[in-house]
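Chemist: input_3.pdb is the file, holding PDB, C-alpha atoms, pLDDT in the B column:
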```pdb
ATOM      1  CA  MET A 718      -5.134-104.927 -47.893  1.00 82.00           C
ATOM      2  CA  GLU A 719      -2.656-107.764 -48.347  1.00 84.00           C
ATOM      3  CA  ARG A 720       0.111-105.151 -48.401  1.00 86.00           C
ATOM      4  CA  LEU A 721      -0.790-104.026 -44.892  1.00 94.00           C
ATOM      5  CA  LEU A 722      -0.921-107.623 -43.682  1.00 94.00           C
ATOM      6  CA  GLU A 723       2.679-108.142 -44.773  1.00 92.00           C
ATOM      7  CA  GLN A 724       3.637-105.824 -41.913  1.00 94.00           C
ATOM      8  CA  PHE A 725       0.765-106.412 -39.463  1.00 97.00           C
ATOM      9  CA  ASP A 726      -1.011-109.538 -38.225  1.00 96.00           C
ATOM     10  CA  ARG A 727      -4.399-107.867 -38.027  1.00 96.00           C
ATOM     11  CA  LEU A 728      -6.134-104.640 -38.985  1.00 98.00           C
ATOM     12  CA  VAL A 729      -8.899-103.187 -36.822  1.00 98.00           C
ATOM     13  CA  ILE A 730     -11.069-100.595 -38.546  1.00 98.00           C
ATOM     14  CA  PHE A 731     -13.374 -98.889 -36.044  1.00 98.00           C
ATOM     15  CA  ASP A 732     -15.917 -96.110 -35.573  1.00 97.00           C
ATOM     16  CA  THR A 733     -17.895 -94.521 -32.751  1.00 97.00           C
ATOM     17  CA  GLU A 734     -21.177 -92.693 -32.418  1.00 97.00           C
ATOM     18  CA  THR A 735     -21.243 -90.254 -29.500  1.00 97.00           C
ATOM     19  CA  THR A 736     -23.517 -87.865 -27.616  1.00 97.00           C
ATOM     20  CA  GLY A 737     -21.472 -84.904 -28.884  1.00 95.00           C
ATOM     21  CA  LEU A 738     -18.050 -83.680 -29.958  1.00 91.00           C
ATOM     22  CA  ARG A 739     -16.294 -83.188 -26.590  1.00 91.00           C
ATOM     23  CA  PHE A 740     -14.541 -86.344 -25.501  1.00 92.00           C
ATOM     24  CA  GLN A 741     -13.999 -84.878 -22.016  1.00 90.00           C
ATOM     25  CA  ALA A 742     -17.752 -84.487 -21.434  1.00 92.00           C
ATOM     26  CA  ASP A 743     -19.637 -86.531 -24.048  1.00 95.00           C
ATOM     27  CA  GLU A 744     -19.980 -90.301 -24.230  1.00 97.00           C
ATOM     28  CA  ILE A 745     -19.774 -93.153 -26.730  1.00 98.00           C
ATOM     29  CA  ILE A 746     -23.226 -94.513 -27.545  1.00 98.00           C
ATOM     30  CA  GLU A 747     -22.158 -97.034 -30.201  1.00 98.00           C
ATOM     31  CA  PHE A 748     -18.860 -98.718 -31.033  1.00 98.00           C
ATOM     32  CA  ALA A 749     -18.226-100.894 -34.078  1.00 98.00           C
ATOM     33  CA  ALA A 750     -15.173-102.547 -35.560  1.00 98.00           C
ATOM     34  CA  ALA A 751     -14.135-104.873 -38.366  1.00 97.00           C
ATOM     35  CA  VAL A 752     -11.101-107.125 -37.917  1.00 97.00           C
ATOM     36  CA  VAL A 753      -9.186-107.961 -41.100  1.00 96.00           C
ATOM     37  CA  GLU A 754      -6.718-110.840 -41.104  1.00 95.00           C
ATOM     38  CA  LYS A 755      -5.099-113.105 -43.668  1.00 91.00           C
ATOM     39  CA  LYS A 756      -7.162-116.249 -44.126  1.00 88.00           C
ATOM     40  CA  ASP A 757      -6.724-118.845 -46.859  1.00 85.00           C
ATOM     41  CA  GLY A 758      -3.967-116.686 -48.286  1.00 83.00           C
ATOM     42  CA  ARG A 759      -5.940-113.458 -48.641  1.00 89.00           C
ATOM     43  CA  ALA A 760      -7.165-110.534 -46.548  1.00 91.00           C
ATOM     44  CA  GLN A 761     -10.643-111.121 -45.148  1.00 92.00           C
ATOM     45  CA  VAL A 762     -12.944-109.568 -42.569  1.00 94.00           C
ATOM     46  CA  THR A 763     -12.792-112.214 -39.843  1.00 95.00           C
ATOM     47  CA  GLU A 764     -14.961-110.445 -37.266  1.00 96.00           C
ATOM     48  CA  GLU A 765     -17.555-107.698 -37.142  1.00 97.00           C
ATOM     49  CA  TYR A 766     -18.329-106.099 -33.794  1.00 98.00           C
ATOM     50  CA  ASP A 767     -21.171-103.660 -33.089  1.00 98.00           C
ATOM     51  CA  ASN A 768     -22.729-102.690 -29.769  1.00 98.00           C
ATOM     52  CA  LEU A 769     -24.729 -99.837 -28.337  1.00 98.00           C
ATOM     53  CA  VAL A 770     -23.442 -98.487 -25.013  1.00 98.00           C
ATOM     54  CA  LYS A 771     -25.511 -97.460 -21.989  1.00 98.00           C
ATOM     55  CA  LEU A 772     -25.384 -93.828 -20.884  1.00 97.00           C
ATOM     56  CA  SER A 773     -24.021 -92.873 -17.482  1.00 96.00           C
ATOM     57  CA  PRO A 774     -26.676 -91.887 -14.907  1.00 95.00           C
ATOM     58  CA  GLY A 775     -27.960 -88.384 -15.569  1.00 93.00           C
ATOM     59  CA  VAL A 776     -26.521 -88.136 -19.107  1.00 95.00           C
ATOM     60  CA  GLN A 777     -29.041 -87.197 -21.800  1.00 95.00           C
ATOM     61  CA  LEU A 778     -29.025 -88.164 -25.483  1.00 97.00           C
ATOM     62  CA  PRO A 779     -29.446 -84.906 -27.441  1.00 97.00           C
ATOM     63  CA  ALA A 780     -32.342 -84.730 -29.885  1.00 97.00           C
ATOM     64  CA  GLU A 781     -30.022 -83.868 -32.773  1.00 97.00           C
ATOM     65  CA  ILE A 782     -27.990 -87.028 -32.154  1.00 97.00           C
ATOM     66  CA  GLN A 783     -31.170 -89.108 -32.076  1.00 97.00           C
ATOM     67  CA  LYS A 784     -32.194 -87.600 -35.407  1.00 96.00           C
ATOM     68  CA  LEU A 785     -28.729 -88.080 -36.948  1.00 94.00           C
ATOM     69  CA  THR A 786     -28.229 -91.690 -35.868  1.00 95.00           C
ATOM     70  CA  GLY A 787     -31.730 -93.007 -35.296  1.00 95.00           C
ATOM     71  CA  ILE A 788     -30.581 -94.204 -31.866  1.00 97.00           C
ATOM     72  CA  THR A 789     -33.035 -93.516 -29.025  1.00 97.00           C
ATOM     73  CA  PRO A 790     -32.580 -93.432 -25.232  1.00 97.00           C
ATOM     74  CA  GLN A 791     -34.726 -96.567 -25.102  1.00 97.00           C
ATOM     75  CA  ASP A 792     -32.320 -98.364 -27.459  1.00 97.00           C
ATOM     76  CA  LEU A 793     -29.399 -97.554 -25.185  1.00 98.00           C
ATOM     77  CA  ALA A 794     -31.235 -98.511 -21.999  1.00 97.00           C
ATOM     78  CA  GLN A 795     -32.572-101.798 -23.351  1.00 97.00           C
ATOM     79  CA  ARG A 796     -29.804-102.977 -25.683  1.00 97.00           C
ATOM     80  CA  GLY A 797     -26.706-101.084 -24.598  1.00 98.00           C
ATOM     81  CA  ILE A 798     -23.778-102.793 -22.867  1.00 98.00           C
ATOM     82  CA  GLU A 799     -22.032-101.360 -19.812  1.00 98.00           C
ATOM     83  CA  LYS A 800     -18.900 -99.279 -20.333  1.00 98.00           C
ATOM     84  CA  ASN A 801     -16.657-101.744 -18.533  1.00 98.00           C
ATOM     85  CA  GLN A 802     -17.841-104.448 -20.940  1.00 98.00           C
ATOM     86  CA  LEU A 803     -17.092-102.145 -23.873  1.00 98.00           C
ATOM     87  CA  CYS A 804     -13.561-101.630 -22.541  1.00 98.00           C
ATOM     88  CA  ALA A 805     -13.050-105.377 -22.118  1.00 98.00           C
ATOM     89  CA  ASP A 806     -14.224-105.923 -25.692  1.00 98.00           C
ATOM     90  CA  MET A 807     -11.920-103.210 -27.030  1.00 98.00           C
ATOM     91  CA  THR A 808      -8.988-104.746 -25.149  1.00 97.00           C
ATOM     92  CA  ARG A 809      -9.649-108.050 -26.900  1.00 97.00           C
ATOM     93  CA  LEU A 810     -10.147-106.475 -30.320  1.00 97.00           C
ATOM     94  CA  PHE A 811      -7.014-104.329 -30.096  1.00 97.00           C
ATOM     95  CA  SER A 812      -4.779-107.027 -28.607  1.00 95.00           C
ATOM     96  CA  GLY A 813      -1.491-108.025 -30.222  1.00 93.00           C
ATOM     97  CA  ASP A 814       1.761-106.183 -30.827  1.00 91.00           C
ATOM     98  CA  ARG A 815       1.314-106.300 -34.618  1.00 95.00           C
ATOM     99  CA  THR A 816      -2.182-104.798 -34.723  1.00 97.00           C
ATOM    100  CA  LEU A 817      -2.862-101.727 -36.885  1.00 98.00           C
ATOM    101  CA  LEU A 818      -5.717 -99.385 -35.892  1.00 98.00           C
ATOM    102  CA  LEU A 819      -7.537 -97.506 -38.643  1.00 98.00           C
ATOM    103  CA  ALA A 820     -10.443 -95.064 -38.715  1.00 98.00           C
ATOM    104  CA  TYR A 821     -11.848 -92.229 -40.793  1.00 98.00           C
ATOM    105  CA  ASN A 822     -11.112 -89.120 -38.683  1.00 97.00           C
ATOM    106  CA  ALA A 823      -9.184 -91.338 -36.285  1.00 97.00           C
ATOM    107  CA  HIS A 824      -8.149 -88.564 -33.893  1.00 97.00           C
ATOM    108  CA  PHE A 825     -11.784 -87.970 -32.907  1.00 96.00           C
ATOM    109  CA  ASP A 826     -12.537 -91.623 -32.250  1.00 97.00           C
ATOM    110  CA  LEU A 827      -9.245 -92.319 -30.481  1.00 97.00           C
ATOM    111  CA  CYS A 828      -9.815 -89.443 -28.056  1.00 96.00           C
ATOM    112  CA  PHE A 829     -13.179 -90.919 -27.077  1.00 97.00           C
ATOM    113  CA  LEU A 830     -11.725 -94.419 -26.774  1.00 98.00           C
ATOM    114  CA  PHE A 831      -8.847 -93.214 -24.591  1.00 96.00           C
ATOM    115  CA  SER A 832     -11.193 -91.237 -22.340  1.00 96.00           C
ATOM    116  CA  THR A 833     -13.519 -94.230 -21.904  1.00 97.00           C
ATOM    117  CA  LEU A 834     -10.671 -96.675 -21.308  1.00 97.00           C
ATOM    118  CA  LYS A 835      -9.110 -94.309 -18.781  1.00 96.00           C
ATOM    119  CA  ARG A 836     -12.295 -94.351 -16.679  1.00 96.00           C
ATOM    120  CA  PHE A 837     -13.524 -97.905 -17.176  1.00 97.00           C
ATOM    121  CA  GLY A 838     -10.611 -99.989 -18.481  1.00 97.00           C
ATOM    122  CA  ASP A 839      -6.939 -99.824 -19.394  1.00 96.00           C
ATOM    123  CA  PRO A 840      -5.893 -97.082 -21.868  1.00 96.00           C
ATOM    124  CA  GLY A 841      -2.528 -98.803 -22.166  1.00 95.00           C
ATOM    125  CA  ILE A 842      -4.052-101.055 -24.839  1.00 96.00           C
ATOM    126  CA  LEU A 843      -3.804 -98.092 -27.260  1.00 96.00           C
ATOM    127  CA  ARG A 844      -0.168 -97.292 -26.512  1.00 92.00           C
ATOM    128  CA  GLY A 845       2.378 -98.539 -28.988  1.00 89.00           C
ATOM    129  CA  LYS A 846      -0.240 -99.416 -31.580  1.00 95.00           C
ATOM    130  CA  ALA A 847       0.362 -98.118 -35.101  1.00 97.00           C
ATOM    131  CA  LYS A 848      -2.497 -95.911 -36.296  1.00 98.00           C
ATOM    132  CA  ILE A 849      -3.704 -94.666 -39.695  1.00 98.00           C
ATOM    133  CA  ASP A 850      -6.231 -91.887 -40.240  1.00 98.00           C
ATOM    134  CA  LEU A 851      -7.972 -92.494 -43.566  1.00 98.00           C
ATOM    135  CA  LEU A 852      -9.346 -88.940 -43.563  1.00 98.00           C
ATOM    136  CA  THR A 853      -5.741 -87.736 -43.778  1.00 98.00           C
ATOM    137  CA  VAL A 854      -5.172 -90.037 -46.746  1.00 98.00           C
ATOM    138  CA  TYR A 855      -8.336 -88.799 -48.450  1.00 98.00           C
ATOM    139  CA  ARG A 856      -7.365 -85.132 -48.010  1.00 97.00           C
ATOM    140  CA  ASP A 857      -4.163 -85.902 -49.925  1.00 97.00           C
ATOM    141  CA  ARG A 858      -6.184 -87.510 -52.742  1.00 96.00           C
ATOM    142  CA  ARG A 859      -9.262 -85.295 -53.230  1.00 96.00           C
ATOM    143  CA  GLY A 860     -10.418 -81.737 -52.686  1.00 95.00           C
ATOM    144  CA  TYR A 861     -13.018 -80.456 -50.224  1.00 94.00           C
ATOM    145  CA  PRO A 862     -15.486 -81.687 -48.938  1.00 95.00           C
ATOM    146  CA  HIS A 863     -13.772 -84.478 -47.020  1.00 96.00           C
ATOM    147  CA  ARG A 864     -16.614 -86.310 -45.259  1.00 96.00           C
ATOM    148  CA  LEU A 865     -16.824 -90.096 -45.401  1.00 96.00           C
ATOM    149  CA  ALA A 866     -19.850 -89.636 -47.665  1.00 96.00           C
ATOM    150  CA  SER A 867     -17.627 -87.621 -50.015  1.00 96.00           C
ATOM    151  CA  ALA A 868     -15.114 -90.467 -50.201  1.00 97.00           C
ATOM    152  CA  ILE A 869     -17.883 -93.000 -50.875  1.00 97.00           C
ATOM    153  CA  GLU A 870     -19.078 -90.885 -53.799  1.00 97.00           C
ATOM    154  CA  ALA A 871     -15.561 -90.173 -55.110  1.00 97.00           C
ATOM    155  CA  TYR A 872     -14.814 -93.901 -55.315  1.00 97.00           C
ATOM    156  CA  ASN A 873     -18.272 -94.758 -56.752  1.00 97.00           C
ATOM    157  CA  LEU A 874     -19.214 -96.966 -53.815  1.00 97.00           C
ATOM    158  CA  GLN A 875     -22.785 -95.678 -53.363  1.00 94.00           C
ATOM    159  CA  ASP A 876     -24.326 -98.996 -54.441  1.00 94.00           C
ATOM    160  CA  ARG A 877     -22.140-101.031 -52.056  1.00 94.00           C
ATOM    161  CA  VAL A 878     -21.919 -99.083 -48.792  1.00 93.00           C
ATOM    162  CA  GLN A 879     -23.493 -96.145 -46.997  1.00 86.00           C
ATOM    163  CA  ASN A 880     -22.518 -93.420 -44.544  1.00 87.00           C
ATOM    164  CA  SER A 881     -25.561 -93.836 -42.300  1.00 86.00           C
ATOM    165  CA  HIS A 882     -24.099 -92.398 -39.076  1.00 88.00           C
ATOM    166  CA  ARG A 883     -24.428 -95.852 -37.569  1.00 91.00           C
ATOM    167  CA  ALA A 884     -21.078 -97.192 -36.505  1.00 92.00           C
ATOM    168  CA  ILE A 885     -21.075-100.593 -38.229  1.00 94.00           C
ATOM    169  CA  ASP A 886     -22.262 -99.133 -41.551  1.00 95.00           C
ATOM    170  CA  ASP A 887     -19.553 -96.499 -41.375  1.00 96.00           C
ATOM    171  CA  VAL A 888     -16.912 -99.115 -40.514  1.00 97.00           C
ATOM    172  CA  LEU A 889     -17.820-101.244 -43.537  1.00 96.00           C
ATOM    173  CA  ALA A 890     -17.863 -98.103 -45.694  1.00 96.00           C
ATOM    174  CA  THR A 891     -14.400 -97.226 -44.396  1.00 97.00           C
ATOM    175  CA  VAL A 892     -13.127-100.715 -45.283  1.00 96.00           C
ATOM    176  CA  ALA A 893     -14.400-100.273 -48.836  1.00 96.00           C
ATOM    177  CA  VAL A 894     -12.896 -96.784 -49.124  1.00 97.00           C
ATOM    178  CA  MET A 895      -9.554 -98.083 -47.846  1.00 96.00           C
ATOM    179  CA  GLN A 896      -9.527-100.832 -50.462  1.00 95.00           C
ATOM    180  CA  GLU A 897     -10.054 -98.248 -53.209  1.00 97.00           C
ATOM    181  CA  MET A 898      -7.353 -95.993 -51.760  1.00 97.00           C
ATOM    182  CA  MET A 899      -4.838 -98.839 -51.766  1.00 96.00           C
ATOM    183  CA  ALA A 900      -5.686 -99.763 -55.355  1.00 95.00           C
ATOM    184  CA  GLU A 901      -5.324 -96.112 -56.356  1.00 96.00           C
ATOM    185  CA  ARG A 902      -1.876 -95.484 -54.859  1.00 95.00           C
ATOM    186  CA  PRO A 903       0.571 -97.761 -52.992  1.00 94.00           C
ATOM    187  CA  ASP A 904       1.598 -95.321 -50.269  1.00 96.00           C
ATOM    188  CA  ILE A 905      -0.778 -96.015 -47.378  1.00 96.00           C
ATOM    189  CA  LEU A 906       1.949 -97.361 -45.082  1.00 96.00           C
ATOM    190  CA  ARG A 907       3.571 -93.928 -45.171  1.00 97.00           C
ATOM    191  CA  TYR A 908       0.605 -92.517 -43.243  1.00 98.00           C
ATOM    192  CA  ILE A 909       1.257 -94.591 -40.117  1.00 97.00           C
ATOM    193  CA  ASN A 910       1.088 -92.302 -37.048  1.00 98.00           C
ATOM    194  CA  LEU A 911       0.841 -89.225 -39.299  1.00 98.00           C
ATOM    195  CA  PHE A 912      -2.416 -87.275 -38.981  1.00 98.00           C
ATOM    196  CA  GLY A 913      -3.478 -84.163 -40.859  1.00 97.00           C
ATOM    197  CA  TYR A 914      -5.765 -81.460 -39.530  1.00 95.00           C
ATOM    198  CA  ASN A 915      -7.600 -78.379 -40.751  1.00 91.00           C
ATOM    199  CA  ALA A 916      -5.320 -75.413 -40.013  1.00 87.00           C
ATOM    200  CA  LYS A 917      -8.345 -73.154 -39.474  1.00 86.00           C
ATOM    201  CA  TYR A 918      -9.593 -75.216 -36.524  1.00 87.00           C
ATOM    202  CA  GLY A 919      -6.417 -76.853 -35.224  1.00 90.00           C
ATOM    203  CA  ILE A 920      -6.155 -80.372 -33.853  1.00 92.00           C
ATOM    204  CA  GLY A 921      -9.227 -79.792 -31.711  1.00 80.00           C
ATOM    205  CA  SER A 922      -8.000 -81.423 -28.514  1.00 84.00           C
ATOM    206  CA  LYS A 923      -4.896 -82.768 -26.833  1.00 86.00           C
ATOM    207  CA  PRO A 924      -2.644 -84.472 -29.404  1.00 92.00           C
ATOM    208  CA  ILE A 925      -1.974 -88.200 -29.229  1.00 93.00           C
ATOM    209  CA  GLY A 926       1.603 -88.676 -28.076  1.00 91.00           C
ATOM    210  CA  SER A 927       2.604 -91.292 -30.669  1.00 92.00           C
ATOM    211  CA  VAL A 928       1.181 -89.295 -33.605  1.00 96.00           C
ATOM    212  CA  THR A 929       2.786 -86.520 -35.672  1.00 96.00           C
ATOM    213  CA  TYR A 930       0.350 -83.804 -36.792  1.00 97.00           C
ATOM    214  CA  LEU A 931       0.596 -81.498 -39.810  1.00 96.00           C
ATOM    215  CA  PRO A 932      -1.976 -79.082 -41.271  1.00 95.00           C
ATOM    216  CA  GLN A 933      -3.609 -79.960 -44.580  1.00 95.00           C
ATOM    217  CA  ARG A 934      -5.197 -77.677 -47.157  1.00 89.00           C
ATOM    218  CA  TYR A 935      -8.675 -77.920 -48.659  1.00 91.00           C
ATOM    219  CA  GLU A 936      -7.166 -79.051 -51.971  1.00 93.00           C
ATOM    220  CA  PRO A 937      -4.559 -81.812 -52.392  1.00 91.00           C
ATOM    221  CA  GLY A 938      -0.939 -80.858 -52.908  1.00 88.00           C
ATOM    222  CA  LEU A 939       2.344 -82.400 -51.854  1.00 93.00           C
ATOM    223  CA  PRO A 940       1.524 -85.526 -49.827  1.00 96.00           C
ATOM    224  CA  ILE A 941       1.705 -84.932 -46.111  1.00 96.00           C
ATOM    225  CA  TYR A 942       4.445 -87.537 -45.634  1.00 96.00           C
ATOM    226  CA  GLU A 943       6.674 -85.758 -48.176  1.00 95.00           C
ATOM    227  CA  ARG A 944       6.067 -82.458 -46.400  1.00 91.00           C
ATOM    228  CA  LEU A 945       7.113 -84.107 -43.147  1.00 92.00           C
ATOM    229  CA  GLU A 946      10.284 -85.424 -44.772  1.00 88.00           C
ATOM    230  CA  GLN A 947      11.103 -81.950 -46.106  1.00 85.00           C
ATOM    231  CA  HIS A 948      10.473 -80.458 -42.653  1.00 72.00           C
ATOM    232  CA  MET A 949      12.724 -83.031 -40.986  1.00 75.00           C
ATOM    233  CA  GLY A 950      15.413 -82.447 -43.618  1.00 71.00           C
ATOM    234  CA  ARG A 951      15.506 -78.714 -42.854  1.00 62.00           C
ATOM    235  CA  ARG A 952      16.186 -79.310 -39.165  1.00 55.00           C
TER
END
```
Please re-express this file's structure in structure tokens.
Modeler:
Amino acid sequence: MERLLEQFDRLVIFDTETTGLRFQADEIIEFAAAVVEKKDGRAQVTEEYDNLVKLSPGVQLPAEIQKLTGITPQDLAQRGIEKNQLCADMTRLFSGDRTLLLAYNAHFDLCFLFSTLKRFGDPGILRGKAKIDLLTVYRDRRGYPHRLASAIEAYNLQDRVQNSHRAIDDVLATVAVMQEMMAERPDILRYINLFGYNAKYGIGSKPIGSVTYLPQRYEPGLPIYERLEQHMGRR
């Protein structure tokens, strides 16, 4: 990760758990992040953040989400923070002009963050920030399936991390996967603001204005950044 910290002051790897898949209607129930900075001459996780988030009045937590995550309505009511507090915390975590935001399936999480910040905070904190989607990177490296659990297995990380569908576990798993990706191939900076998507399903929602999107196949081929360069060259 030292290579990334030559260009950025801090990396923020984040993940959300939500009540469903529709950022316009569903809500964040857990947000976690790991901040990576250079300390004593090397990249280190300098902060871990993890909080449950209270539901809005009248919003229900679906049974399938409770089963998937192990989070209950009682957990959210008793231990969850308010959404305005979540937005204040995100503003602090994402602060700084030289901050890089990273997530596995980043488009999904960023849509939920933007929607929440728009209602309870300042979505401007996301504007101008460089973003990397590690799912896009993984699709260029390995064939289907492309879940975070697949990446953990592909890089033999099963004894170190887990994809538990709890946000902090998935953040730490994503950090470990990213480290393996960077050791495998030195091209991660070329994925900044370049997201892939499954052509069968499309982007899935409104695109993020600062991001370029290209479809990716089930099996790896020409890296997505080289395809973009070819496309730009033909213009």
Chemist: Need the shell around Asp857 (chain A): protein/DNA/RNA residues with any atom at most 10 Å away, counting all atoms listed in the file. Skip same-chain ones fewer than 5 positions apart. Format as a list in words?
Modeler: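 The residues that qualify are Leu851, Leu852, Gly913, Gln933, Arg934, Tyr935, Glu936, Pro937, Gly938, Leu939, Pro940, Ile941 and Tyr942 of chain A.
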Chemist: For the file shown, report as a list in words the outcome of the PyMOL selection byres ((chain A and resi 898) around 12) at residue level.
Modeler: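 In the shown coordinates, the PyMOL selection byres ((chain A and resi 898) around 12) covers Met718, Leu851, Leu852, Thr853, Val854, Tyr855, Arg856, Asp857, Arg858, Arg859, Ala868, Ile869, Ala871, Tyr872, Thr891, Val892, Ala893, Val894, Met895, Gln896, Glu897, Met899, Ala900, Glu901, Arg902, Pro903, Asp904, Ile905 and Leu906 of chain A.
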Chemist: Write the residues you've just listed into a file as a short mmCIF file (atom, residue, chain, number, x, y, z; two decimals), in the coordinates of the input, and include C-alpha atoms for each of them.
Modeler:
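Contents of the output file result_38.cif:
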```
data_model
loop_
_atom_site.label_atom_id
_atom_site.label_comp_id
_atom_site.auth_asym_id
_atom_site.auth_seq_id
_atom_site.Cartn_x
_atom_site.Cartn_y
_atom_site.Cartn_z
CA MET A 718 -5.13 -104.93 -47.89
CA LEU A 851 -7.97 -92.49 -43.57
CA LEU A 852 -9.35 -88.94 -43.56
CA THR A 853 -5.74 -87.74 -43.78
CA VAL A 854 -5.17 -90.04 -46.75
CA TYR A 855 -8.34 -88.80 -48.45
CA ARG A 856 -7.36 -85.13 -48.01
CA ASP A 857 -4.16 -85.90 -49.92
CA ARG A 858 -6.18 -87.51 -52.74
CA ARG A 859 -9.26 -85.30 -53.23
CA ALA A 868 -15.11 -90.47 -50.20
CA ILE A 869 -17.88 -93.00 -50.88
CA ALA A 871 -15.56 -90.17 -55.11
CA TYR A 872 -14.81 -93.90 -55.32
CA THR A 891 -14.40 -97.23 -44.40
CA VAL A 892 -13.13 -100.72 -45.28
CA ALA A 893 -14.40 -100.27 -48.84
CA VAL A 894 -12.90 -96.78 -49.12
CA MET A 895 -9.55 -98.08 -47.85
CA GLN A 896 -9.53 -100.83 -50.46
CA GLU A 897 -10.05 -98.25 -53.21
CA MET A 899 -4.84 -98.84 -51.77
CA ALA A 900 -5.69 -99.76 -55.36
CA GLU A 901 -5.32 -96.11 -56.36
CA ARG A 902 -1.88 -95.48 -54.86
CA PRO A 903 0.57 -97.76 -52.99
CA ASP A 904 1.60 -95.32 -50.27
CA ILE A 905 -0.78 -96.02 -47.38
CA LEU A 906 1.95 -97.36 -45.08
#
```
Chemist: With the PyMOL selection byres ((chain A and resi 806-811) around 10) as the selection, what would be picked from this file? Answer as a count of residues only, please.
Modeler: 33
Chemist: Return as a count of residues only the set of residues that the PyMOL selection byres ((chain A and resi 793) around 8) yields on the displayed structure.
Modeler: 14
Chemist: To one decimal place, how far is CA of Ile849 (chain A) from CA of Asn822 (chain A) in Å?
Modeler: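 The value is 9.3 Å.
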Chemist: Could you tell me how far CA of His882 (chain A) lies from CA of Arg720 (chain A), in Å and to one decimal?
Modeler: 28.9 Å
Chemist: Using all atoms listed in the file, find the one residue out of A:Leu931, A:Val762, A:Ala823, A:Leu738 that sits nearest to Ala916 (chain A).
Modeler: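 Counting all atoms listed in the file, the residue closest to Ala916 (chain A) is A:Leu931.
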Chemist: Quick check, in Å to one decimal: how far apart do CA of Ser832 (chain A) and CA of Pro924 (chain A) lie?
Modeler: 13.0 Å
Chemist: Counting all atoms listed in the file, figure out which residue out of A:Asp732, A:Glu943, A:Asp887, A:Asp876 gets nearest to Arg907 (chain A).
Modeler: A:Glu943
Chemist: How would you write as a list in words the residues that get within 12 Å of (-11.1, -78.3, -29.8) in the file's frame, counting only C-alpha atoms?
Modeler: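 Answer for this query, in the requested form: Leu738, Arg739, Phe740, Gln741, His824, Phe825, Cys828, Tyr914, Asn915, Lys917, Tyr918, Gly919, Ile920, Gly921, Ser922, Lys923 and Pro924 of chain A.
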Chemist: Step by step, gather every atom of region 850-860 of chain A that the file lists, find the box along x, y and z that holds them, add 8 Å on each side, and finally give centre and edge lengths in Å to one decimal, as lines of an AutoDock Vina configuration file.
Modeler:
```
center_x = -7.3
center_y = -87.1
center_z = -46.7
size_x = 22.3
size_y = 26.8
size_z = 29.0
```
Chemist: Which residue is closest to Phe731 (chain A)? Choose from A:Lys784, A:Phe831, A:Ile885, A:Asn873 and count all atoms listed in the file.
Modeler: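 Closest to Phe731 (chain A) of all the choices is A:Ile885.
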Chemist: Using all atoms listed in the file, which of the listed residues (A:Ala884, A:Tyr861, A:Arg759, A:Leu874) sits closest to Ile745 (chain A)?
Modeler: A:Ala884
Chemist: Which residues are near region 926-930 of chain A? Cut-off 6 Å, only C-alpha atoms, ignore same chain within fewer than 3 positions. Put them as a list in words.
Modeler: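 The residues satisfying every condition are Asn910, Leu911, Phe912 and Gly913 of chain A.
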Chemist: With C-alpha atoms kept, could you save the residues just selected as an mmCIF file, in the frame of the given file?
Modeler:
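Generated file (result-v2.cif):
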```cif
data_model
loop_
_atom_site.group_PDB
_atom_site.id
_atom_site.type_symbol
_atom_site.label_atom_id
_atom_site.label_comp_id
_atom_site.auth_asym_id
_atom_site.auth_seq_id
_atom_site.Cartn_x
_atom_site.Cartn_y
_atom_site.Cartn_z
ATOM 1 C CA ASN A 910 1.088 -92.302 -37.048
ATOM 2 C CA LEU A 911 0.841 -89.225 -39.299
ATOM 3 C CA PHE A 912 -2.416 -87.275 -38.981
ATOM 4 C CA GLY A 913 -3.478 -84.163 -40.859
#
```
